[in-house]
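Chemist: Please find one structure pasted underneath; my questions will follow.
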Amino acid sequence: MITSSITLCGLLLATALTLPASAQDLSTIEWQTNYDDPPIGDPAALKGGIFHTFMAAYPLTLRLVGPNSNDGFSSWKRAVTMDFGLVARHPTTDNYVPWMATHWSVQDDKRTLYFKLDPDALWSDGKPVTAADYVHTLHMMQSEAIVDPFYNNYAEEHYEDVVAIEPYVLKIVGKFESWRPLDMFGLWATPAHAVTLEEGFPERYNTTVLPVQGPYVLSEKEAGQYVVFTRLEDWWGKDKHYWRGMYNPDRIHIRVIDDSDRALDFFKKGKLSLYRVNTAKKWAEEMEFEATENGWAHRKRLFVDYPSGVYGFAMNLERTIFQNKDFRKAIQYLFNFDEINEKLMYNAYYRAVSAFTGTEYQNPELKPYGFDPRKARQHLRKAGYAKRGEDGILVDTEGNRAAFTFSYGSKGLERHMTVVKQVFKRFGVDMDLRLLEPGTAFRNGMEREYEMTLMGRTAGRFPGPHQYYGSVFKETKNNNNVWAYGTAYTDSLIDVYRFNMDKNKRLQAMHELDAILQDEAFYVPFWQAPFMRFLYWDYVSFPSFYFPKRIQQMTDWQVFWIDEDKRRALADAMADGRALGRNAVIDVDPYEVKDRLEAAMKAAGDG
Amino acid sequence: MRIDPITRKRLRRFRRLKRGYYSFLILAGFTALSLFSNYIANRRAIVVSYQDSLYFPTFRFHDMATFGQQDEYGFDDVEADYTALQQTFRQDGGRNWVLMPLVPFDPYEPDFEYDHPPPNPPDRRHWFGTDSQGRDVFARLLYGFRISILFAVSLVVVGEVIGTIVGSMQGFLGGRFDIFSQRFIEIWSTLPFLYVVILLATFFKPSFLSLLAIMTLFEWIRMTYYMRTEIYREKTKEYCLAARSFGASRRRLIFRHLLPNCMTPLVTITPFAIVGAISVLTALDYLGYGLPAPTPSWGEMIDQAMDSSNRDKIWLSVAPFTAISVTLLLVTLIGEAIREAFDPKQYAHYT
């Protein structure tokens with residue numbers, strides 16, 4: 001505690017004394033770069049071919065900002081055309097690597113950044129990408145003309161200043177100090193020569209195909225039907241170290257298919273190159289068809305490593321029944337994850353244990369509360385629920401029933417919750433189920449108008465314990481501290497994570513916090529799915545590791561390629577009705593994620 | 001009970017309309033049977049004879065200790081497992097015995113005895129298969145029928161009583177009361193019923209009674225239109241004037257003379273109102289805003305059947321769709337027969 005405040009004071013002092021380097025004085029800047037990590041894809045990848053995929057809806061706009069811009073299509077736009085960051089996190093090693101900037105420098109104040117832009121970088125219309133284009137992005141984010149409060153607000157909260165010092169040197173000053181300023185204050189480039197920020201911006205750029213810095217341009221589109229990206233043959237970045245082996249197909253053909261079951265039918269007919277399987281049932285029951293039986297198409301389950309966010313049941317500590325820690329623990333012990341997973345979900349998922357699952361901040365020592373009615377009973381007795389009432393539900397000495405309401409906003413959850421309800425009932429706890437309209441369920445959670453609910457929030461690589469467990473949010477409503485939790489001690493741990501510059505101290509504090517949160521037992525983590533299940537035709541080739549380690553969406557990292565020879569061989573084999581070799585290996589685990597999970601499960605079982 | 005000759009004639013005529021009459025008998029039979037659902041499909045035994053005492057656990061919680069049972073965790077205060085008990089008693093061959101219902105499953109408890117995750121197709125264990133939570137489809141269908149029909153009948157009865165009272169008052173009193181109440185009804189009836197119910201469901205926890213109350217708010221309106229016009233017409237007829245000139249009290253006028261002559265629309269509309277009520281409850285359950293899970297309900301069953309991941313599980317759709325179609329058909333046939341039996345043209349002679 002004392003050490004952390006000293007560190008904090010020291011930091012504030014340092015911030016006050018270090019004056020930002022003056023704009024012209026570039027000679028003193030220590031530039032950093034990193035060309036030592038392996039390329040993200042496989043440099044041996046072949047260029048060419050057409051990659052067929054699908055999206056759920058035709059995009060309402062081609063803009064990156066403004067109304068309707070944050071749709072499913074935006075991940076494609078960002079990944080292959082327009083949103084190329086200054087630096088990137090290598091998706092397998094996690095190190096920063098050059099992207100649009102070749103060098104960067106983080107100043108001691110932890111919020112001033114300098115970038116040396118790649119002088120080779122060109123827009124697809126031949127004009128150079130310069131620092132002014134980044135300044136233009138900030139102006140765009142700040143502009144009222146884009147009609148996008150999110151970006152207006154984002155710019156307001158994140159950027160103090162963005163300056164083009166030289167045509168290829170950019171300075172960004174963030175609004176606040178951060179130990180990961182490169183993640184916090186990154187920017188993408190907007191072609192200043194092609195985008196004007198005047199009233200009518202949303203309409204003007206709705207369907208305009210702008211110059212891009214990425215390897216693909218949008219070349220064809222048919223409203224409601226499809227969109228085609230075509231690869232730039234002489235893209236300026238094609239031989240850059242980290243991009244070798246990425247962005248391989250000549251064309252990316254994205255068809256609109258609104259239903260993922262129907263998309264599977266399209267895949268089976270050979271009209272999609274790759275298909276991500278999104279349910280355990282499909283994976284278990286619908287993967288044997290003509291193409292897979294003949295080895296024309298294959299399937300893989302690639303274990304990857306990404307944060308699974310907060311997903312589980314939240315108890316409201318403002319309600320009397322959940323103020324009793326023993327009752328909360330009893331609920332933890334009565335939650336029969338293994339049975340649900342086995343009987344309803346084909347054993348496809350893994351139990352999440354930590355509040356920070358899938359990040360390095362997860363306490364590796366934690367074991368899940370297993371299903372244990374005996375321990376549950378002990379805790380229920382301690383909580384005062386010792387006798388069964390007329391209806392078989394436990395009551396305490398004052399006659400209060402061990403009963404609460406579980407409210408939820410997704411009908412799909414009912415399948416699991418009715419099973420949970422029956423188990424609870426068997427051991428004397430009555431859980432009422434209440435389905436709400438999704439918006440209401442979410443709002444009731446934020447306003448703590450619930451007893452128990454499903455809490456689902458996605459997370460980045462860095463958890464946000466302050467917003468979820470910071471005690472400042474306990475007194476107010478409408479925040480992510482839905483459980484109304486927080487103590488002075490956990491606040492101090494969270495502050496170490498937020499402000500301490502020593503990574504080990506941060507890890508230590510978060511591991512301790514994780515253990516405390518588990519012991520407090522107000523959050524029942526549900527499942528995690530740290531893998532990607534997909535089907536692909538034989539002509540789609542991958543690096544030996546398939547995809548980088550930190551992948552969440554198929555669009556994220558374009559490392560696959562189309563092998564034209566294999567495509568012809570496949571066409572011949574299909575015409576003759578001849579089987580190709582079946583690829584028997586389904587589970588691939590290049591990052592040892594599965595091994596780790598199963599070892600942890602085994603340890604939990606033994607313990 | 002005295003039944004006046006016209007009503008008797010109408011009943012006789014209804015009985016002669018075979019299609020409607022048999023539909024009525026079948027539906028009444030089903031309804032009566034469904035009242036005893038707990039004795040037809042249940043995990044709890046009907047009767048247990050244990051150490052010379054009789055137990056009737058259908059509506060009572062008995063723990064395992066009562067029958068000397070223990071579960072896998074060594075607990076004896078959880079609910080007794082009557083299926084296992086039956087087997088134990090049979091093996092022991094003693095004087096203890098258990099009488100289980102015809103279908104030893106209730107509509108709530110999942111049956112995870114299969115290797116394959118539910119839903120599982122019909123077999124000897126589950127005649128209509130299991131649903132996606134592993135619950136017995138037959139049991140859910142049976143209990144769902146009871147809830148549907150009880151709900152529909154209660155809703156229609158309550159709605160018609162209120163509607164009749166309001167409509168009669170409008171017709172009988174007329175004047176300012178009629179004008180204002182009619183305007184109110186017109187405004188009230190433009191409220192989008194389904195949305196209001198969904199909205200209210202976010203404030204009140206839906207239950208049989210609260211849902212009944214909410215839906216009654218809208219159900220009574222229709223009846224007022226008919227009763228209002230009937231009373232308006234009847235009260236100017238000669239017999240009514242005659243009764244009034246004889247000095248009949250208001251009460252006698254309404255209950256003895258007017259209402260009995262206005263019953264035709266009430267009786268003929270009732271079956272169709274029931275059809276409507278069943279459909280609305282099913283629709284609400286289908287949308288998830290009806291009775292809360294895991295209440296057995298036809299709407300919820302249809303929702304499961306429509307789920308794209310169950311598109312190859314035909315038994316999930318066959319059971320509820322057949323049940324709904326048959327029920328609605330029966331009620332409609334009854335309604336048609338009643339309408340025909342009450343048709344005044346039967347007795348009118350136009351020359």
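The chains in the structure tokens are called A, B, ... from first to last as shown; in each chain the residues are counted from 1, and the ligands are counted from 1 in the order shown.
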When you get a sec, could you note down which chain A residues fall within 10 Å of chain B, using only C-alpha atoms, as a count of residues only?
Modeler: 52
Chemist: As a PyMOL selection string, which residues of segment 88-302 of chain B does DSSP assign to helix (DSSP H, G or I)?
Modeler: chain B and resi 88-92+137-173+175-189+193-203+208-234+238-245+250-261+263-287+298-302
Chemist: Can you write out the residues you just picked, keeping C-alpha atoms, as a tab-separated table (two decimals), in the first residue's frame?
Modeler:
chain	number	residue	atom	x	y	z
B	88	THR	CA	-36.63	-51.05	-5.02
B	89	PHE	CA	-39.99	-52.20	-3.69
B	90	ARG	CA	-40.45	-54.59	-6.60
B	91	GLN	CA	-37.03	-56.12	-6.03
B	92	ASP	CA	-37.65	-56.43	-2.30
B	137	VAL	CA	-43.04	-33.47	-24.81
B	138	PHE	CA	-46.24	-35.34	-23.93
B	139	ALA	CA	-46.21	-34.03	-20.38
B	140	ARG	CA	-45.63	-30.48	-21.58
B	141	LEU	CA	-48.40	-30.82	-24.14
B	142	LEU	CA	-50.84	-32.08	-21.52
B	143	TYR	CA	-50.06	-29.45	-18.90
B	144	GLY	CA	-49.90	-26.83	-21.62
B	145	PHE	CA	-53.42	-27.75	-22.72
B	146	ARG	CA	-54.74	-27.39	-19.21
B	147	ILE	CA	-53.19	-23.97	-18.84
B	148	SER	CA	-54.38	-22.82	-22.27
B	149	ILE	CA	-57.96	-23.90	-21.83
B	150	LEU	CA	-58.29	-22.74	-18.22
B	151	PHE	CA	-56.74	-19.43	-19.11
B	152	ALA	CA	-58.92	-18.95	-22.16
B	153	VAL	CA	-62.14	-19.87	-20.36
B	154	SER	CA	-61.37	-17.67	-17.35
B	155	LEU	CA	-60.42	-14.78	-19.56
B	156	VAL	CA	-63.55	-15.04	-21.66
B	157	VAL	CA	-65.86	-15.46	-18.68
B	158	VAL	CA	-64.40	-12.53	-16.75
B	159	GLY	CA	-64.26	-10.40	-19.90
B	160	GLU	CA	-67.84	-11.17	-20.82
B	161	VAL	CA	-69.19	-10.47	-17.36
B	162	ILE	CA	-67.54	-7.06	-17.32
B	163	GLY	CA	-68.43	-6.41	-20.94
B	164	THR	CA	-72.06	-7.36	-20.33
B	165	ILE	CA	-72.37	-5.14	-17.29
B	166	VAL	CA	-70.82	-2.14	-19.00
B	167	GLY	CA	-72.62	-2.70	-22.30
B	168	SER	CA	-75.99	-3.17	-20.59
B	169	MET	CA	-75.54	-0.03	-18.55
B	170	GLN	CA	-74.73	1.91	-21.68
B	171	GLY	CA	-77.77	0.59	-23.44
B	172	PHE	CA	-80.11	0.90	-20.51
B	173	LEU	CA	-79.01	4.26	-19.14
B	175	GLY	CA	-77.67	9.57	-22.50
B	176	ARG	CA	-74.52	11.15	-21.16
B	177	PHE	CA	-73.22	7.95	-19.57
B	178	ASP	CA	-73.45	6.22	-22.94
B	179	ILE	CA	-71.72	9.03	-24.80
B	180	PHE	CA	-68.78	9.32	-22.41
B	181	SER	CA	-68.26	5.63	-21.82
B	182	GLN	CA	-68.48	4.91	-25.53
B	183	ARG	CA	-65.81	7.52	-26.30
B	184	PHE	CA	-63.62	6.00	-23.59
B	185	ILE	CA	-64.10	2.54	-25.11
B	186	GLU	CA	-63.20	3.81	-28.54
B	187	ILE	CA	-59.99	5.33	-27.27
B	188	TRP	CA	-59.15	2.32	-25.14
B	189	SER	CA	-59.69	-0.09	-28.02
B	193	PHE	CA	-52.88	-4.67	-27.21
B	194	LEU	CA	-49.81	-6.85	-27.73
B	195	TYR	CA	-47.36	-4.03	-27.15
B	196	VAL	CA	-49.12	-2.95	-24.00
B	197	VAL	CA	-48.96	-6.49	-22.64
B	198	ILE	CA	-45.24	-6.71	-23.47
B	199	LEU	CA	-44.65	-3.35	-21.84
B	200	LEU	CA	-46.58	-4.29	-18.71
B	201	ALA	CA	-44.71	-7.59	-18.54
B	202	THR	CA	-41.53	-5.62	-17.87
B	203	PHE	CA	-43.10	-4.04	-14.79
B	208	PHE	CA	-51.37	-16.76	-14.49
B	209	LEU	CA	-53.37	-14.19	-12.55
B	210	SER	CA	-51.44	-11.07	-13.51
B	211	LEU	CA	-51.56	-12.04	-17.17
B	212	LEU	CA	-55.27	-12.72	-16.82
B	213	ALA	CA	-55.77	-9.30	-15.26
B	214	ILE	CA	-53.75	-7.54	-17.95
B	215	MET	CA	-55.55	-9.26	-20.78
B	216	THR	CA	-58.95	-8.68	-19.22
B	217	LEU	CA	-58.23	-4.98	-19.57
B	218	PHE	CA	-58.78	-5.47	-23.29
B	219	GLU	CA	-61.01	-8.52	-23.43
B	220	TRP	CA	-64.18	-6.87	-22.07
B	221	ILE	CA	-64.43	-4.27	-24.83
B	222	ARG	CA	-65.82	-6.46	-27.59
B	223	MET	CA	-68.79	-7.61	-25.54
B	224	THR	CA	-69.93	-4.07	-24.75
B	225	TYR	CA	-70.67	-3.33	-28.40
B	226	TYR	CA	-73.07	-6.26	-28.70
B	227	MET	CA	-74.78	-5.81	-25.35
B	228	ARG	CA	-75.19	-2.10	-25.84
B	229	THR	CA	-77.00	-2.49	-29.16
B	230	GLU	CA	-79.03	-5.45	-27.93
B	231	ILE	CA	-80.30	-3.58	-24.88
B	232	TYR	CA	-80.95	-0.44	-26.91
B	233	ARG	CA	-83.11	-2.45	-29.25
B	234	GLU	CA	-84.85	-4.65	-26.70
B	238	GLU	CA	-93.50	-3.85	-26.64
B	239	TYR	CA	-92.94	-6.53	-23.98
B	240	CYS	CA	-90.53	-4.27	-22.24
B	241	LEU	CA	-92.84	-1.33	-22.40
B	242	ALA	CA	-95.62	-3.56	-21.15
B	243	ALA	CA	-93.55	-4.75	-18.21
B	244	ARG	CA	-92.64	-1.18	-17.41
B	245	SER	CA	-96.27	-0.04	-17.56
B	250	ARG	CA	-85.58	-1.63	-12.82
B	251	ARG	CA	-83.91	-4.72	-11.49
B	252	ARG	CA	-86.76	-6.96	-12.58
B	253	LEU	CA	-86.75	-5.29	-15.97
B	254	ILE	CA	-83.06	-5.92	-16.51
B	255	PHE	CA	-82.64	-9.39	-15.09
B	256	ARG	CA	-86.04	-10.87	-15.85
B	257	HIS	CA	-86.83	-9.35	-19.22
B	258	LEU	CA	-83.91	-7.68	-20.98
B	259	LEU	CA	-80.87	-9.86	-20.26
B	260	PRO	CA	-82.48	-13.21	-21.05
B	261	ASN	CA	-83.46	-11.81	-24.44
B	263	MET	CA	-78.11	-13.72	-24.46
B	264	THR	CA	-77.83	-14.84	-28.07
B	265	PRO	CA	-74.75	-12.81	-29.03
B	266	LEU	CA	-73.09	-13.71	-25.74
B	267	VAL	CA	-73.51	-17.43	-26.23
B	268	THR	CA	-72.64	-17.48	-29.90
B	269	ILE	CA	-69.53	-15.36	-29.53
B	270	THR	CA	-68.09	-17.24	-26.57
B	271	PRO	CA	-66.50	-20.17	-28.46
B	272	PHE	CA	-64.83	-17.82	-30.92
B	273	ALA	CA	-63.63	-15.67	-28.06
B	274	ILE	CA	-62.06	-18.79	-26.55
B	275	VAL	CA	-60.31	-19.53	-29.83
B	276	GLY	CA	-58.98	-15.99	-29.81
B	277	ALA	CA	-57.82	-16.22	-26.21
B	278	ILE	CA	-55.95	-19.49	-26.80
B	279	SER	CA	-54.25	-18.00	-29.84
B	280	VAL	CA	-53.23	-14.85	-28.00
B	281	LEU	CA	-51.76	-16.76	-25.07
B	282	THR	CA	-49.88	-19.00	-27.47
B	283	ALA	CA	-48.58	-15.99	-29.35
B	284	LEU	CA	-47.42	-14.30	-26.16
B	285	ASP	CA	-45.67	-17.44	-24.98
B	286	TYR	CA	-44.10	-17.84	-28.39
B	287	LEU	CA	-42.68	-14.35	-28.10
B	298	TRP	CA	-47.79	-24.45	-26.42
B	299	GLY	CA	-46.29	-21.17	-27.53
B	300	GLU	CA	-42.96	-22.06	-25.96
B	301	MET	CA	-43.12	-25.49	-27.65
B	302	ILE	CA	-43.71	-23.87	-31.03
Chemist: Using only C-alpha atoms, which protein or nucleic acid residues come within 10 Å of segment 45-51 of chain A? Drop anything in the same chain fewer than 6 positions from it, and give the result as a ChimeraX atom specification.
Modeler: /A:228-231,233,244-254,271-274,539-543,559-564,567
Chemist: Out of segment 266-434 of chain A, which residues get strand (DSSP E or B) from DSSP, as a PyMOL selection string?
Modeler: chain A and resi 274-276+297-303+310-315+350-351+387-388+394-395+401+403-408+430-434
Chemist: Store the residues of this selection in a file with C-alpha atoms, as a tab-separated table (two decimals), in the first residue's frame.
Modeler:
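Wrote selection_37.tsv, looks like this:
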chain	number	residue	atom	x	y	z
A	274	LEU	CA	-14.47	-20.95	-45.65
A	275	TYR	CA	-17.23	-21.13	-43.06
A	276	ARG	CA	-17.00	-20.46	-39.37
A	297	ALA	CA	-13.42	-29.98	-47.61
A	298	HIS	CA	-11.93	-30.14	-44.14
A	299	ARG	CA	-12.72	-28.89	-40.70
A	300	LYS	CA	-10.52	-27.58	-37.96
A	301	ARG	CA	-10.89	-26.44	-34.41
A	302	LEU	CA	-8.06	-24.01	-33.80
A	303	PHE	CA	-7.40	-23.13	-30.19
A	310	VAL	CA	-17.14	-11.01	-18.43
A	311	TYR	CA	-19.71	-13.69	-19.09
A	312	GLY	CA	-21.63	-15.25	-16.26
A	313	PHE	CA	-24.22	-14.74	-13.56
A	314	ALA	CA	-24.14	-11.63	-11.46
A	315	MET	CA	-25.60	-11.39	-7.97
A	350	TYR	CA	-14.72	-24.79	-21.20
A	351	ARG	CA	-15.55	-23.39	-17.83
A	387	LYS	CA	-35.20	-26.56	7.18
A	388	ARG	CA	-37.34	-27.43	4.18
A	394	LEU	CA	-35.44	-24.19	2.30
A	395	VAL	CA	-36.50	-21.59	4.85
A	401	ARG	CA	-37.57	-18.80	1.64
A	403	ALA	CA	-35.71	-17.87	-3.27
A	404	PHE	CA	-34.67	-15.26	-5.80
A	405	THR	CA	-35.43	-14.18	-9.35
A	406	PHE	CA	-33.09	-14.61	-12.27
A	407	SER	CA	-33.82	-12.09	-15.00
A	408	TYR	CA	-32.40	-12.34	-18.48
A	430	ASP	CA	-36.02	-21.64	-5.67
A	431	MET	CA	-34.89	-19.63	-8.66
A	432	ASP	CA	-37.65	-17.89	-10.58
A	433	LEU	CA	-36.95	-17.19	-14.22
A	434	ARG	CA	-37.97	-13.92	-15.74
Chemist: Using only C-alpha atoms, find the one residue out of B:Thr66, B:Ser325, B:Ser297, B:Thr83 that sits nearest to Ile46 of chain B.
Modeler: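 Counting only C-alpha atoms, the residue closest to Ile46 of chain B is B:Thr83.
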Chemist: As a PDB file with C-alpha atoms, in the first residue's frame, please: the residues near Val87 of chain A (cut-off 12 Å, only C-alpha atoms, same-chain neighbours under 2 positions excluded).
Modeler:
ATOM      1  CA  GLN A  32      12.078   2.483 -31.444  1.00  0.00           C
ATOM      2  CA  THR A  33      11.305  -0.120 -34.004  1.00  0.00           C
ATOM      3  CA  ASN A  34      11.017  -3.885 -34.246  1.00  0.00           C
ATOM      4  CA  ASP A  83      -7.910   1.362 -41.094  1.00  0.00           C
ATOM      5  CA  PHE A  84      -4.190   0.681 -40.936  1.00  0.00           C
ATOM      6  CA  GLY A  85      -2.811   1.745 -37.571  1.00  0.00           C
ATOM      7  CA  ARG A  89       0.494  -5.524 -31.757  1.00  0.00           C
ATOM      8  CA  HIS A  90       1.923  -8.627 -33.330  1.00  0.00           C
ATOM      9  CA  ASP A  94       2.136  -9.362 -28.604  1.00  0.00           C
ATOM     10  CA  ASN A  95       5.086  -7.041 -29.297  1.00  0.00           C
ATOM     11  CA  TYR A  96       4.600  -3.722 -31.033  1.00  0.00           C
ATOM     12  CA  VAL A  97       5.590  -3.913 -34.689  1.00  0.00           C
ATOM     13  CA  PRO A  98       5.829  -1.238 -37.413  1.00  0.00           C
ATOM     14  CA  TRP A  99       2.655  -0.853 -39.412  1.00  0.00           C
ATOM     15  CA  MET A 100       2.121   2.510 -41.146  1.00  0.00           C
ATOM     16  CA  ALA A 101       4.976   3.986 -39.071  1.00  0.00           C
ATOM     17  CA  THR A 102       8.451   2.521 -39.256  1.00  0.00           C
ATOM     18  CA  HIS A 103       9.582   4.013 -35.936  1.00  0.00           C
ATOM     19  CA  TRP A 104       7.899   5.333 -32.865  1.00  0.00           C
ATOM     20  CA  SER A 105       8.813   6.899 -29.578  1.00  0.00           C
ATOM     21  CA  LEU A 113       4.053   9.922 -28.909  1.00  0.00           C
ATOM     22  CA  TYR A 114       6.187  10.453 -31.994  1.00  0.00           C
ATOM     23  CA  PHE A 115       5.898   8.419 -35.163  1.00  0.00           C
ATOM     24  CA  LYS A 116       8.121   8.233 -38.249  1.00  0.00           C
ATOM     25  CA  LEU A 117       5.801   7.386 -41.099  1.00  0.00           C
ATOM     26  CA  ASP A 118       6.792   4.954 -43.801  1.00  0.00           C
ATOM     27  CA  PRO A 181      -0.227   4.907 -24.807  1.00  0.00           C
ATOM     28  CA  LEU A 182       0.400   3.280 -28.175  1.00  0.00           C
ATOM     29  CA  ASP A 183      -2.867   1.316 -27.790  1.00  0.00           C
ATOM     30  CA  MET A 184      -4.726   4.247 -26.293  1.00  0.00           C
ATOM     31  CA  PHE A 185      -3.846   7.039 -28.672  1.00  0.00           C
ATOM     32  CA  GLY A 186      -3.382   5.346 -32.028  1.00  0.00           C
ATOM     33  CA  LEU A 187      -4.881   6.827 -35.183  1.00  0.00           C
ATOM     34  CA  TRP A 188      -5.555   5.815 -38.719  1.00  0.00           C
ATOM     35  CA  TYR A 242       5.240  -8.173 -41.447  1.00  0.00           C
TER      36      TYR A 242
END
Chemist: What does the structure give for the distance between atom CA of Ala603 of chain A and atom CA of Met532 of chain A, in Å to one decimal?
Modeler: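 According to the coordinates, atom CA of Ala603 of chain A and atom CA of Met532 of chain A are separated by 24.8 Å.
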Chemist: Skip Tyr205 of chain A itself and residues of its chain fewer than 4 positions away, then list as a PyMOL selection string all residues within 9 Å of it, counting only C-alpha atoms.
Modeler: chain A and resi 61-63+195+200-201+209-210
Chemist: Store the residues picked out above, limited to N, CA and C atoms, as a PDB file, in the first residue's frame.
Modeler:
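What ended up in part-v2.pdb:
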ATOM      1  N   THR A  61     -23.468   1.813 -45.578  1.00  0.00           N
ATOM      2  CA  THR A  61     -22.552   2.882 -45.947  1.00  0.00           C
ATOM      3  C   THR A  61     -21.141   2.331 -46.127  1.00  0.00           C
ATOM      4  N   LEU A  62     -20.307   3.068 -46.867  1.00  0.00           N
ATOM      5  CA  LEU A  62     -18.909   2.682 -47.017  1.00  0.00           C
ATOM      6  C   LEU A  62     -18.009   3.535 -46.130  1.00  0.00           C
ATOM      7  N   ARG A  63     -18.596   4.503 -45.432  1.00  0.00           N
ATOM      8  CA  ARG A  63     -17.811   5.359 -44.546  1.00  0.00           C
ATOM      9  C   ARG A  63     -17.278   4.564 -43.357  1.00  0.00           C
ATOM     10  N   VAL A 195     -11.158  13.898 -48.785  1.00  0.00           N
ATOM     11  CA  VAL A 195     -12.279  13.979 -47.854  1.00  0.00           C
ATOM     12  C   VAL A 195     -12.395  15.394 -47.316  1.00  0.00           C
ATOM     13  N   GLY A 200     -23.242  17.716 -44.681  1.00  0.00           N
ATOM     14  CA  GLY A 200     -23.630  16.778 -45.719  1.00  0.00           C
ATOM     15  C   GLY A 200     -22.624  15.652 -45.884  1.00  0.00           C
ATOM     16  N   PHE A 201     -21.648  15.602 -44.973  1.00  0.00           N
ATOM     17  CA  PHE A 201     -20.628  14.553 -45.016  1.00  0.00           C
ATOM     18  C   PHE A 201     -21.220  13.143 -45.105  1.00  0.00           C
ATOM     19  N   VAL A 209     -16.185   5.486 -53.038  1.00  0.00           N
ATOM     20  CA  VAL A 209     -15.026   4.625 -52.814  1.00  0.00           C
ATOM     21  C   VAL A 209     -13.798   5.524 -52.739  1.00  0.00           C
ATOM     22  N   LEU A 210     -13.275   5.675 -51.533  1.00  0.00           N
ATOM     23  CA  LEU A 210     -12.164   6.601 -51.301  1.00  0.00           C
ATOM     24  C   LEU A 210     -10.828   5.910 -51.589  1.00  0.00           C
TER      25      LEU A 210
END
Chemist: For Gly68 of chain B, please output as a PyMOL selection string all residues within 10 Å (counting only C-alpha atoms; exclusion window: fewer than 6 positions along the same chain).
Modeler: chain B and resi 50+76+80+85
Chemist: Could you give me, as an MDAnalysis selection string, the residues within 10 Å of Leu580 of chain A, counting only C-alpha atoms and dropping anything in the same chain fewer than 5 positions from it?
Modeler: chainID A and resid 291:297 538 569:570 573:574
Chemist: Write out the residues from the selection above, keeping N, CA and C atoms, as a PDB file, in the first residue's frame.
Modeler:
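So part08.pdb came out as:
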ATOM      1  N   ALA A 291     -18.821 -33.456 -49.204  1.00  0.00           N
ATOM      2  CA  ALA A 291     -17.510 -32.853 -49.393  1.00  0.00           C
ATOM      3  C   ALA A 291     -16.518 -33.263 -48.307  1.00  0.00           C
ATOM      4  N   THR A 292     -16.972 -33.302 -47.050  1.00  0.00           N
ATOM      5  CA  THR A 292     -16.023 -33.675 -45.990  1.00  0.00           C
ATOM      6  C   THR A 292     -15.747 -35.178 -46.025  1.00  0.00           C
ATOM      7  N   GLU A 293     -16.765 -35.969 -46.388  1.00  0.00           N
ATOM      8  CA  GLU A 293     -16.541 -37.412 -46.464  1.00  0.00           C
ATOM      9  C   GLU A 293     -15.512 -37.762 -47.528  1.00  0.00           C
ATOM     10  N   ASN A 294     -15.510 -36.974 -48.616  1.00  0.00           N
ATOM     11  CA  ASN A 294     -14.572 -37.252 -49.701  1.00  0.00           C
ATOM     12  C   ASN A 294     -13.241 -36.512 -49.571  1.00  0.00           C
ATOM     13  N   GLY A 295     -13.087 -35.787 -48.477  1.00  0.00           N
ATOM     14  CA  GLY A 295     -11.842 -35.048 -48.303  1.00  0.00           C
ATOM     15  C   GLY A 295     -11.724 -33.842 -49.224  1.00  0.00           C
ATOM     16  N   TRP A 296     -12.851 -33.390 -49.765  1.00  0.00           N
ATOM     17  CA  TRP A 296     -12.817 -32.190 -50.615  1.00  0.00           C
ATOM     18  C   TRP A 296     -12.809 -30.930 -49.738  1.00  0.00           C
ATOM     19  N   ALA A 297     -13.432 -31.079 -48.585  1.00  0.00           N
ATOM     20  CA  ALA A 297     -13.424 -29.977 -47.614  1.00  0.00           C
ATOM     21  C   ALA A 297     -12.982 -30.548 -46.271  1.00  0.00           C
ATOM     22  N   ASP A 538     -10.646 -27.663 -49.878  1.00  0.00           N
ATOM     23  CA  ASP A 538      -9.253 -28.124 -49.980  1.00  0.00           C
ATOM     24  C   ASP A 538      -8.330 -27.096 -50.623  1.00  0.00           C
ATOM     25  N   ALA A 569      -7.148 -29.433 -59.113  1.00  0.00           N
ATOM     26  CA  ALA A 569      -7.176 -30.846 -58.727  1.00  0.00           C
ATOM     27  C   ALA A 569      -8.496 -31.193 -58.052  1.00  0.00           C
ATOM     28  N   LEU A 570      -8.974 -30.269 -57.216  1.00  0.00           N
ATOM     29  CA  LEU A 570     -10.237 -30.497 -56.513  1.00  0.00           C
ATOM     30  C   LEU A 570     -11.392 -30.561 -57.508  1.00  0.00           C
ATOM     31  N   ALA A 573     -11.284 -33.882 -59.204  1.00  0.00           N
ATOM     32  CA  ALA A 573     -11.707 -34.962 -58.303  1.00  0.00           C
ATOM     33  C   ALA A 573     -13.217 -34.936 -58.112  1.00  0.00           C
ATOM     34  N   MET A 574     -13.790 -33.735 -57.975  1.00  0.00           N
ATOM     35  CA  MET A 574     -15.227 -33.637 -57.757  1.00  0.00           C
ATOM     36  C   MET A 574     -15.990 -34.061 -59.009  1.00  0.00           C
TER      37      MET A 574
END
